[in-house]
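Enquirer: Dropping the structure in here first, questions after.
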Amino acid sequence: MRAVTSSRAVRLRAAVRRAPRALYEELWAEPADRVPRMGEPDAPVWRPVFLVLLVFAAAIFAVPRAYELSTDPVTGVSGWAVLAALAQSVALLAGMIRPVGAWWAATALSVATVLATESAMSPDRLFPWSIMGMVFQGGALFLLALRVPLRRSVGALALTLLAGMALTLHQTQRHNLDLDRSAPVFVVALVLGTALRSLRLARKDLVVQAELTTEERARRALLEERNRIARELHDVVAHHMSVISIQAQVAPHLVEHPTDELRENLTGIRQNALEALAELRRVLGVLRSEDAPAQSTRHAPQPGLDRLGELVATVRSAGLAVTVSTTGEPRPLPPGVELSAYRIVQEALSNVMRHAPGASAEVVIGHRPTGLTVQVVNSPPEHPSAPSPGVRHGLLGMRERAAMLGGELATGPTPEGGWEVTAILPTSTQTTRTTEEAR
């Protein structure tokens, strides 16, 4: 029993020794919340209005407070009472900038004014806080609770009530004590300030989470688009590897008396091509999503510019007026370039039907020595529609297809009010390398 009592006494003494340090850290050293600037996620919209109202309230508070503190029955208002009232008003305004220091100043001024006027107070007057004193001290607690965590504001409330109790012990005459009325006022001020602070922090967290969600959606859209492009290019690459394998198998029969070294090299080429095909199938299995198309659709040949007429016919049947023209001298293009050009035209025409109802479109395929130019321009819509929210997957996919080839994509409104999509797709390795170095 004695051991338990001794242990409790040791813990109590340790807590008492730590109390000044904890008080210093909680109600002085630790800073308050940063004041958010206007436009930031946690900036309250009512702050400018509240600041104006606080200035008016502080100015109005000073007048009755000066009369309340005055103890001169002849002049009515003494000079020191005016100075004390103005000091308390300034301390209240300082709570918007330095709430911790303003609360300490408010508490010290309240105690000093009560000690200075207690002997001359009427016994019927509320003690230790008058009506204006409760308003002043409650305002300081409210501004403190707006900017500090609950545990710190509760500590400030406890010290305020302890200061009031200490003042009642030093009264020189009997007064009408008001601790039972002032304590609820202080508690309400603290609860209101804490609630507004919690609302501000919750709004900030909500905005931050919304931004993170938007970024995550954009990242997922980018990854999905890249996976879709990779799945489409699988057939193109697999075709080339299959051709290499067949050519390596047939080549020895096209040469009279092929050497053993030639046969060995061609066999190695064919074996490497077959292994590369197997690896491509594994990669495709990793990239394929759960909602991958059906087996017959996956193995269908990828479209190229030779199927552009079918695409235009389908779009025309849907009600969109489309014209197609070609510039330059057509020539065979790499399958990846043709696939990207086809998909860019397809997505651009889909966007016209989706976002520009009643408009007409023009598709221009330009063959150049260094690559291919794809341009899709639509006229202004007859019935403009509101832009759709969220990530624009179509523009993202077109941009990824152009970047994959080392090309460029430019989109934007036309002077007439329509929309233009222009893609430059290089076909030579040198052009692609130059584009990447320029980036």
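In the structure tokens, chains take letters A, B, ... by order of appearance, with residues numbered from 1 within each chain and ligands from 1 in the order shown.
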List every residue of stretch 133-362 of chain A that DSSP, applied to the backbone of this structure, assigns to strand (DSSP E or B), and report them as a PyMOL selection string.
Expert: chain A and resi 176-177+321-327+360-362
Enquirer: Write out the residues from the selection above, keeping N, CA and C atoms, as a PDB file, in the first residue's frame.
Expert:
```
ATOM      1  N   ASN A 176     -21.423  40.671  -6.460  1.00  0.00           N
ATOM      2  CA  ASN A 176     -22.339  39.730  -7.107  1.00  0.00           C
ATOM      3  C   ASN A 176     -21.524  38.853  -8.071  1.00  0.00           C
ATOM      4  N   LEU A 177     -21.132  37.667  -7.624  1.00  0.00           N
ATOM      5  CA  LEU A 177     -20.253  36.807  -8.430  1.00  0.00           C
ATOM      6  C   LEU A 177     -20.978  36.308  -9.682  1.00  0.00           C
ATOM      7  N   ALA A 321     -21.349  15.461 -92.188  1.00  0.00           N
ATOM      8  CA  ALA A 321     -20.831  15.745 -93.530  1.00  0.00           C
ATOM      9  C   ALA A 321     -19.309  15.819 -93.478  1.00  0.00           C
ATOM     10  N   VAL A 322     -18.636  14.909 -94.181  1.00  0.00           N
ATOM     11  CA  VAL A 322     -17.176  14.810 -94.130  1.00  0.00           C
ATOM     12  C   VAL A 322     -16.631  14.830 -95.552  1.00  0.00           C
ATOM     13  N   THR A 323     -15.575  15.593 -95.761  1.00  0.00           N
ATOM     14  CA  THR A 323     -14.825  15.584 -97.019  1.00  0.00           C
ATOM     15  C   THR A 323     -13.403  15.143 -96.732  1.00  0.00           C
ATOM     16  N   VAL A 324     -12.843  14.366 -97.650  1.00  0.00           N
ATOM     17  CA  VAL A 324     -11.495  13.826 -97.485  1.00  0.00           C
ATOM     18  C   VAL A 324     -10.663  14.225 -98.683  1.00  0.00           C
ATOM     19  N   SER A 325      -9.467  14.697 -98.427  1.00  0.00           N
ATOM     20  CA  SER A 325      -8.547  15.068 -99.505  1.00  0.00           C
ATOM     21  C   SER A 325      -7.145  14.607 -99.133  1.00  0.00           C
ATOM     22  N   THR A 326      -6.326  14.407-100.160  1.00  0.00           N
ATOM     23  CA  THR A 326      -4.953  13.933 -99.974  1.00  0.00           C
ATOM     24  C   THR A 326      -4.008  14.860-100.703  1.00  0.00           C
ATOM     25  N   THR A 327      -2.914  15.219-100.065  1.00  0.00           N
ATOM     26  CA  THR A 327      -1.881  16.044-100.683  1.00  0.00           C
ATOM     27  C   THR A 327      -0.579  15.263-100.699  1.00  0.00           C
ATOM     28  N   SER A 360     -19.807  20.390 -89.951  1.00  0.00           N
ATOM     29  CA  SER A 360     -19.192  19.585 -91.010  1.00  0.00           C
ATOM     30  C   SER A 360     -17.700  19.476 -90.730  1.00  0.00           C
ATOM     31  N   ALA A 361     -17.071  18.446 -91.298  1.00  0.00           N
ATOM     32  CA  ALA A 361     -15.660  18.198 -91.023  1.00  0.00           C
ATOM     33  C   ALA A 361     -14.907  17.976 -92.329  1.00  0.00           C
ATOM     34  N   GLU A 362     -13.636  18.305 -92.292  1.00  0.00           N
ATOM     35  CA  GLU A 362     -12.750  18.113 -93.439  1.00  0.00           C
ATOM     36  C   GLU A 362     -11.499  17.388 -92.961  1.00  0.00           C
TER      37      GLU A 362
END
```
Enquirer: Would you mind listing what lies within 12 Å of A:Gln271 as a VMD selection string, with only C-alpha atoms counted and same-chain residues fewer than 3 positions away left out?
Expert: chain A and resid 241 to 242 244 to 249 264 to 268 274 to 278
Enquirer: Only all heavy atoms, please: the residues just picked out, written as a compact mmCIF listing (two decimals), in the first residue's frame.
Expert:
```txt
# COMPACT_ATOMS: atom_id res chain seq x y z
N MET A 241 7.61 -9.67 -86.96
CA MET A 241 8.41 -10.76 -86.44
C MET A 241 8.10 -12.07 -87.16
O MET A 241 8.99 -12.90 -87.41
CB MET A 241 8.17 -10.91 -84.94
CG MET A 241 8.55 -9.68 -84.11
SD MET A 241 10.26 -9.16 -84.35
CE MET A 241 11.13 -10.60 -83.77
N SER A 242 6.83 -12.27 -87.51
CA SER A 242 6.46 -13.48 -88.25
C SER A 242 7.10 -13.48 -89.63
O SER A 242 7.59 -14.52 -90.12
CB SER A 242 4.94 -13.57 -88.37
OG SER A 242 4.33 -13.65 -87.10
N ILE A 244 9.90 -11.99 -90.46
CA ILE A 244 11.32 -12.26 -90.27
C ILE A 244 11.56 -13.75 -90.08
O ILE A 244 12.50 -14.34 -90.65
CB ILE A 244 11.85 -11.45 -89.07
CG1 ILE A 244 11.82 -9.95 -89.37
CG2 ILE A 244 13.27 -11.88 -88.71
CD1 ILE A 244 12.17 -9.08 -88.18
N SER A 245 10.70 -14.40 -89.30
CA SER A 245 10.87 -15.84 -89.06
C SER A 245 10.70 -16.64 -90.36
O SER A 245 11.48 -17.57 -90.64
CB SER A 245 9.84 -16.29 -88.02
OG SER A 245 9.89 -17.69 -87.86
N ILE A 246 9.69 -16.29 -91.14
CA ILE A 246 9.46 -17.02 -92.40
C ILE A 246 10.61 -16.79 -93.38
O ILE A 246 11.09 -17.71 -94.05
CB ILE A 246 8.11 -16.60 -93.00
CG1 ILE A 246 6.97 -17.06 -92.08
CG2 ILE A 246 7.93 -17.19 -94.40
CD1 ILE A 246 5.62 -16.53 -92.49
N GLN A 247 11.05 -15.53 -93.48
CA GLN A 247 12.14 -15.23 -94.41
C GLN A 247 13.42 -15.96 -94.00
O GLN A 247 14.18 -16.45 -94.85
CB GLN A 247 12.38 -13.73 -94.46
CG GLN A 247 11.29 -12.97 -95.19
CD GLN A 247 11.52 -11.47 -95.16
OE1 GLN A 247 12.26 -10.97 -94.31
NE2 GLN A 247 10.88 -10.75 -96.07
N ALA A 248 13.67 -16.02 -92.68
CA ALA A 248 14.87 -16.73 -92.22
C ALA A 248 14.77 -18.23 -92.51
O ALA A 248 15.78 -18.89 -92.77
CB ALA A 248 15.07 -16.49 -90.73
N GLN A 249 13.55 -18.76 -92.50
CA GLN A 249 13.38 -20.19 -92.78
C GLN A 249 13.51 -20.50 -94.28
O GLN A 249 14.02 -21.55 -94.67
CB GLN A 249 12.01 -20.64 -92.26
CG GLN A 249 11.77 -22.14 -92.40
CD GLN A 249 10.41 -22.54 -91.83
OE1 GLN A 249 9.58 -21.68 -91.52
NE2 GLN A 249 10.19 -23.84 -91.72
N GLU A 264 23.43 -21.63 -90.06
CA GLU A 264 23.41 -21.45 -88.60
C GLU A 264 22.91 -20.06 -88.22
O GLU A 264 22.11 -19.91 -87.29
CB GLU A 264 24.81 -21.69 -88.04
CG GLU A 264 24.88 -21.60 -86.51
CD GLU A 264 26.28 -21.85 -86.01
OE1 GLU A 264 27.17 -22.24 -86.82
OE2 GLU A 264 26.49 -21.66 -84.79
N ASN A 265 23.36 -19.04 -88.96
CA ASN A 265 22.92 -17.67 -88.67
C ASN A 265 21.43 -17.50 -88.93
O ASN A 265 20.71 -16.86 -88.14
CB ASN A 265 23.72 -16.68 -89.51
CG ASN A 265 25.15 -16.53 -89.02
OD1 ASN A 265 25.45 -16.79 -87.85
ND2 ASN A 265 26.06 -16.16 -89.92
N LEU A 266 20.96 -18.05 -90.06
CA LEU A 266 19.54 -17.92 -90.37
C LEU A 266 18.69 -18.69 -89.37
O LEU A 266 17.60 -18.24 -88.99
CB LEU A 266 19.27 -18.42 -91.79
CG LEU A 266 19.87 -17.54 -92.91
CD1 LEU A 266 19.65 -18.19 -94.27
CD2 LEU A 266 19.24 -16.15 -92.88
N THR A 267 19.17 -19.84 -88.93
CA THR A 267 18.45 -20.59 -87.90
C THR A 267 18.38 -19.79 -86.60
O THR A 267 17.34 -19.76 -85.91
CB THR A 267 19.13 -21.94 -87.66
OG1 THR A 267 19.16 -22.68 -88.89
CG2 THR A 267 18.38 -22.74 -86.60
N GLY A 268 19.48 -19.13 -86.26
CA GLY A 268 19.47 -18.29 -85.06
C GLY A 268 18.50 -17.13 -85.17
O GLY A 268 17.80 -16.77 -84.21
N LEU A 274 11.05 -16.25 -83.22
CA LEU A 274 10.01 -17.03 -82.55
C LEU A 274 9.98 -16.73 -81.05
O LEU A 274 8.90 -16.62 -80.45
CB LEU A 274 10.24 -18.53 -82.79
CG LEU A 274 10.05 -19.01 -84.24
CD1 LEU A 274 10.42 -20.49 -84.36
CD2 LEU A 274 8.63 -18.77 -84.71
N GLU A 275 11.14 -16.58 -80.44
CA GLU A 275 11.18 -16.24 -79.02
C GLU A 275 10.61 -14.84 -78.76
O GLU A 275 9.91 -14.61 -77.77
CB GLU A 275 12.62 -16.32 -78.50
CG GLU A 275 13.17 -17.75 -78.46
CD GLU A 275 14.62 -17.79 -77.98
OE1 GLU A 275 15.16 -16.69 -77.71
OE2 GLU A 275 15.18 -18.89 -77.88
N ALA A 276 10.92 -13.92 -79.68
CA ALA A 276 10.37 -12.57 -79.54
C ALA A 276 8.84 -12.59 -79.65
O ALA A 276 8.14 -11.86 -78.93
CB ALA A 276 10.97 -11.63 -80.59
N LEU A 277 8.31 -13.42 -80.56
CA LEU A 277 6.86 -13.55 -80.68
C LEU A 277 6.26 -14.09 -79.39
O LEU A 277 5.20 -13.62 -78.94
CB LEU A 277 6.52 -14.49 -81.86
CG LEU A 277 6.45 -13.84 -83.25
CD1 LEU A 277 6.26 -14.92 -84.30
CD2 LEU A 277 5.32 -12.83 -83.31
N ALA A 278 6.91 -15.09 -78.80
CA ALA A 278 6.41 -15.63 -77.54
C ALA A 278 6.41 -14.57 -76.44
O ALA A 278 5.47 -14.47 -75.64
CB ALA A 278 7.24 -16.84 -77.14
```
Enquirer: Please run DSSP on the backbone and report, as a PyMOL selection string, all residues within stretch 44-232 of chain A that come out as alpha helix (DSSP H).
Expert: chain A and resi 47-69+79-94+99-117+131-145+150-169+179-232
Enquirer: How would the residues just chosen look if you wrote them out with C-alpha atoms as a CSV table (one decimal), in the first residue's frame?
Expert:
```
chain,number,residue,atom,x,y,z
A,47,ARG,CA,-13.3,36.2,-43.4
A,48,PRO,CA,-13.3,39.7,-45.0
A,49,VAL,CA,-16.8,40.4,-43.8
A,50,PHE,CA,-15.9,39.1,-40.3
A,51,LEU,CA,-12.8,41.3,-40.1
A,52,VAL,CA,-14.9,44.4,-41.0
A,53,LEU,CA,-17.5,43.5,-38.3
A,54,LEU,CA,-14.7,42.8,-35.8
A,55,VAL,CA,-13.3,46.3,-36.4
A,56,PHE,CA,-16.7,47.9,-35.9
A,57,ALA,CA,-17.3,45.7,-32.8
A,58,ALA,CA,-14.0,46.6,-31.2
A,59,ALA,CA,-14.6,50.4,-31.8
A,60,ILE,CA,-18.1,50.2,-30.4
A,61,PHE,CA,-16.9,48.1,-27.4
A,62,ALA,CA,-14.4,50.7,-26.3
A,63,VAL,CA,-17.0,53.3,-25.5
A,64,PRO,CA,-19.1,51.4,-22.9
A,65,ARG,CA,-16.1,49.7,-21.6
A,66,ALA,CA,-14.4,53.0,-20.8
A,67,TYR,CA,-17.5,54.1,-18.9
A,68,GLU,CA,-17.6,50.7,-17.1
A,69,LEU,CA,-14.0,51.0,-16.0
A,79,GLY,CA,-8.1,58.9,-18.8
A,80,TRP,CA,-6.7,55.5,-17.7
A,81,ALA,CA,-10.2,53.9,-18.3
A,82,VAL,CA,-10.1,55.2,-21.9
A,83,LEU,CA,-6.6,53.8,-22.3
A,84,ALA,CA,-7.5,50.4,-20.8
A,85,ALA,CA,-10.6,50.2,-23.1
A,86,LEU,CA,-8.6,51.0,-26.2
A,87,ALA,CA,-5.9,48.5,-25.2
A,88,GLN,CA,-8.5,45.8,-24.8
A,89,SER,CA,-10.0,46.7,-28.2
A,90,VAL,CA,-6.6,46.5,-29.8
A,91,ALA,CA,-6.0,43.1,-28.2
A,92,LEU,CA,-9.3,41.9,-29.6
A,93,LEU,CA,-8.3,43.0,-33.1
A,94,ALA,CA,-4.8,41.4,-32.7
A,99,PRO,CA,-4.5,34.7,-31.4
A,100,VAL,CA,-2.3,33.2,-28.8
A,101,GLY,CA,-0.6,36.4,-27.8
A,102,ALA,CA,-3.9,38.3,-28.0
A,103,TRP,CA,-5.5,35.9,-25.6
A,104,TRP,CA,-2.7,36.3,-23.1
A,105,ALA,CA,-2.9,40.1,-23.5
A,106,ALA,CA,-6.7,40.0,-23.0
A,107,THR,CA,-6.4,37.8,-19.9
A,108,ALA,CA,-3.8,40.1,-18.4
A,109,LEU,CA,-5.8,43.2,-19.2
A,110,SER,CA,-8.9,41.7,-17.7
A,111,VAL,CA,-7.1,40.8,-14.4
A,112,ALA,CA,-5.4,44.2,-14.2
A,113,THR,CA,-8.6,46.2,-14.7
A,114,VAL,CA,-10.5,44.1,-12.2
A,115,LEU,CA,-7.7,44.6,-9.6
A,116,ALA,CA,-7.6,48.3,-10.3
A,117,THR,CA,-11.3,48.9,-10.0
A,131,ILE,CA,-21.1,42.2,-19.2
A,132,MET,CA,-18.5,43.9,-21.4
A,133,GLY,CA,-15.7,42.0,-19.7
A,134,MET,CA,-17.4,38.7,-20.6
A,135,VAL,CA,-17.9,39.9,-24.2
A,136,PHE,CA,-14.2,40.9,-24.4
A,137,GLN,CA,-12.8,37.7,-22.9
A,138,GLY,CA,-15.2,35.5,-24.8
A,139,GLY,CA,-14.2,37.2,-28.1
A,140,ALA,CA,-10.5,36.5,-27.3
A,141,LEU,CA,-11.3,32.8,-26.7
A,142,PHE,CA,-13.3,32.6,-29.9
A,143,LEU,CA,-10.5,34.0,-32.0
A,144,LEU,CA,-8.1,31.6,-30.3
A,145,ALA,CA,-10.3,28.6,-30.9
A,150,LEU,CA,-9.1,21.9,-29.2
A,151,ARG,CA,-6.7,20.8,-26.5
A,152,ARG,CA,-5.0,24.2,-26.6
A,153,SER,CA,-8.2,26.2,-26.5
A,154,VAL,CA,-9.5,24.1,-23.7
A,155,GLY,CA,-6.3,24.9,-21.7
A,156,ALA,CA,-6.9,28.6,-22.4
A,157,LEU,CA,-10.5,28.3,-21.1
A,158,ALA,CA,-9.3,26.5,-18.0
A,159,LEU,CA,-6.7,29.3,-17.2
A,160,THR,CA,-9.4,31.9,-17.8
A,161,LEU,CA,-11.7,30.3,-15.3
A,162,LEU,CA,-8.9,29.8,-12.8
A,163,ALA,CA,-8.0,33.5,-13.2
A,164,GLY,CA,-11.6,34.4,-12.4
A,165,MET,CA,-11.7,32.2,-9.4
A,166,ALA,CA,-8.4,33.7,-8.1
A,167,LEU,CA,-9.9,37.2,-8.4
A,168,THR,CA,-12.8,36.2,-6.3
A,169,LEU,CA,-10.4,35.3,-3.5
A,179,LEU,CA,-18.7,32.7,-12.6
A,180,ASP,CA,-21.9,30.7,-13.2
A,181,ARG,CA,-22.9,33.1,-16.0
A,182,SER,CA,-19.5,33.8,-17.5
A,183,ALA,CA,-18.4,30.2,-17.8
A,184,PRO,CA,-21.2,29.2,-20.2
A,185,VAL,CA,-20.5,32.3,-22.3
A,186,PHE,CA,-16.8,31.3,-22.6
A,187,VAL,CA,-17.7,27.7,-23.4
A,188,VAL,CA,-20.1,28.7,-26.2
A,189,ALA,CA,-17.4,31.0,-27.6
A,190,LEU,CA,-14.9,28.1,-27.6
A,191,VAL,CA,-17.3,25.6,-29.1
A,192,LEU,CA,-18.3,28.0,-31.9
A,193,GLY,CA,-14.7,28.8,-32.7
A,194,THR,CA,-13.7,25.1,-32.7
A,195,ALA,CA,-16.6,24.2,-35.0
A,196,LEU,CA,-15.6,26.8,-37.5
A,197,ARG,CA,-12.0,25.6,-37.4
A,198,SER,CA,-13.1,22.0,-38.0
A,199,LEU,CA,-15.3,23.1,-40.9
A,200,ARG,CA,-12.4,24.9,-42.5
A,201,LEU,CA,-10.0,22.0,-42.1
A,202,ALA,CA,-12.7,19.6,-43.4
A,203,ARG,CA,-13.2,21.8,-46.5
A,204,LYS,CA,-9.4,21.9,-47.1
A,205,ASP,CA,-9.2,18.1,-46.8
A,206,LEU,CA,-12.1,17.7,-49.2
A,207,VAL,CA,-10.5,20.0,-51.8
A,208,VAL,CA,-7.1,18.2,-51.5
A,209,GLN,CA,-8.8,14.8,-51.9
A,210,ALA,CA,-10.7,16.1,-54.9
A,211,GLU,CA,-7.4,17.2,-56.5
A,212,LEU,CA,-5.8,13.9,-55.8
A,213,THR,CA,-8.8,12.1,-57.3
A,214,THR,CA,-8.6,14.2,-60.4
A,215,GLU,CA,-4.9,13.5,-60.7
A,216,GLU,CA,-5.4,9.8,-60.2
A,217,ARG,CA,-8.2,9.7,-62.8
A,218,ALA,CA,-5.9,11.5,-65.3
A,219,ARG,CA,-3.1,9.0,-64.5
A,220,ARG,CA,-5.4,6.0,-64.9
A,221,ALA,CA,-6.7,7.4,-68.2
A,222,LEU,CA,-3.2,7.8,-69.5
A,223,LEU,CA,-2.2,4.3,-68.5
A,224,GLU,CA,-5.4,2.8,-70.0
A,225,GLU,CA,-4.8,4.7,-73.2
A,226,ARG,CA,-1.2,3.5,-73.4
A,227,ASN,CA,-2.3,-0.1,-72.7
A,228,ARG,CA,-4.8,0.1,-75.5
A,229,ILE,CA,-2.2,1.5,-77.9
A,230,ALA,CA,0.2,-1.2,-76.9
A,231,ARG,CA,-2.4,-3.9,-77.5
A,232,GLU,CA,-3.2,-2.5,-81.0
```
Enquirer: For A:Glu408, which residue out of A:Met353, A:Val374, A:Ala348, A:Leu146 is the nearest one, using only C-alpha atoms?
Expert: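 With only C-alpha atoms as the atom set, the closest residue is A:Val374.
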Enquirer: In Å, with one decimal, what is the gap from atom CA of A:Glu347 to atom CA of A:Thr370?
Expert: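 So the two atoms, atom CA of A:Glu347 and atom CA of A:Thr370, lie 23.9 Å apart.
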Enquirer: Find the spatial neighbours of A:Pro413, counting only C-alpha atoms, within a cut-off of 10 Å - ignore same-chain residues fewer than 5 positions away - and output them as a ChimeraX atom specification.
Expert: /A:377-380,418-421
Enquirer: Have a look at atom CA of A:Gly397 and atom CA of A:Gly328 and let me know their distance in Å, one decimal.
Expert: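 Spanning atom CA of A:Gly397 to atom CA of A:Gly328 is a straight-line distance of 26.4 Å.
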Enquirer: From the set A:Ile97, A:Val312, A:Val148, A:Ala403, which residue has the shortest atom-to-atom contact distance to A:Val337, counting only C-alpha atoms?
Expert: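 For A:Val337, the nearest of the candidates is A:Ala403.
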Enquirer: So what do you get for atom CA of A:Arg270 versus atom CA of A:Val255, distance-wise?
Expert: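 Interatomic distance, atom CA of A:Arg270 to atom CA of A:Val255: 16.7 Å.
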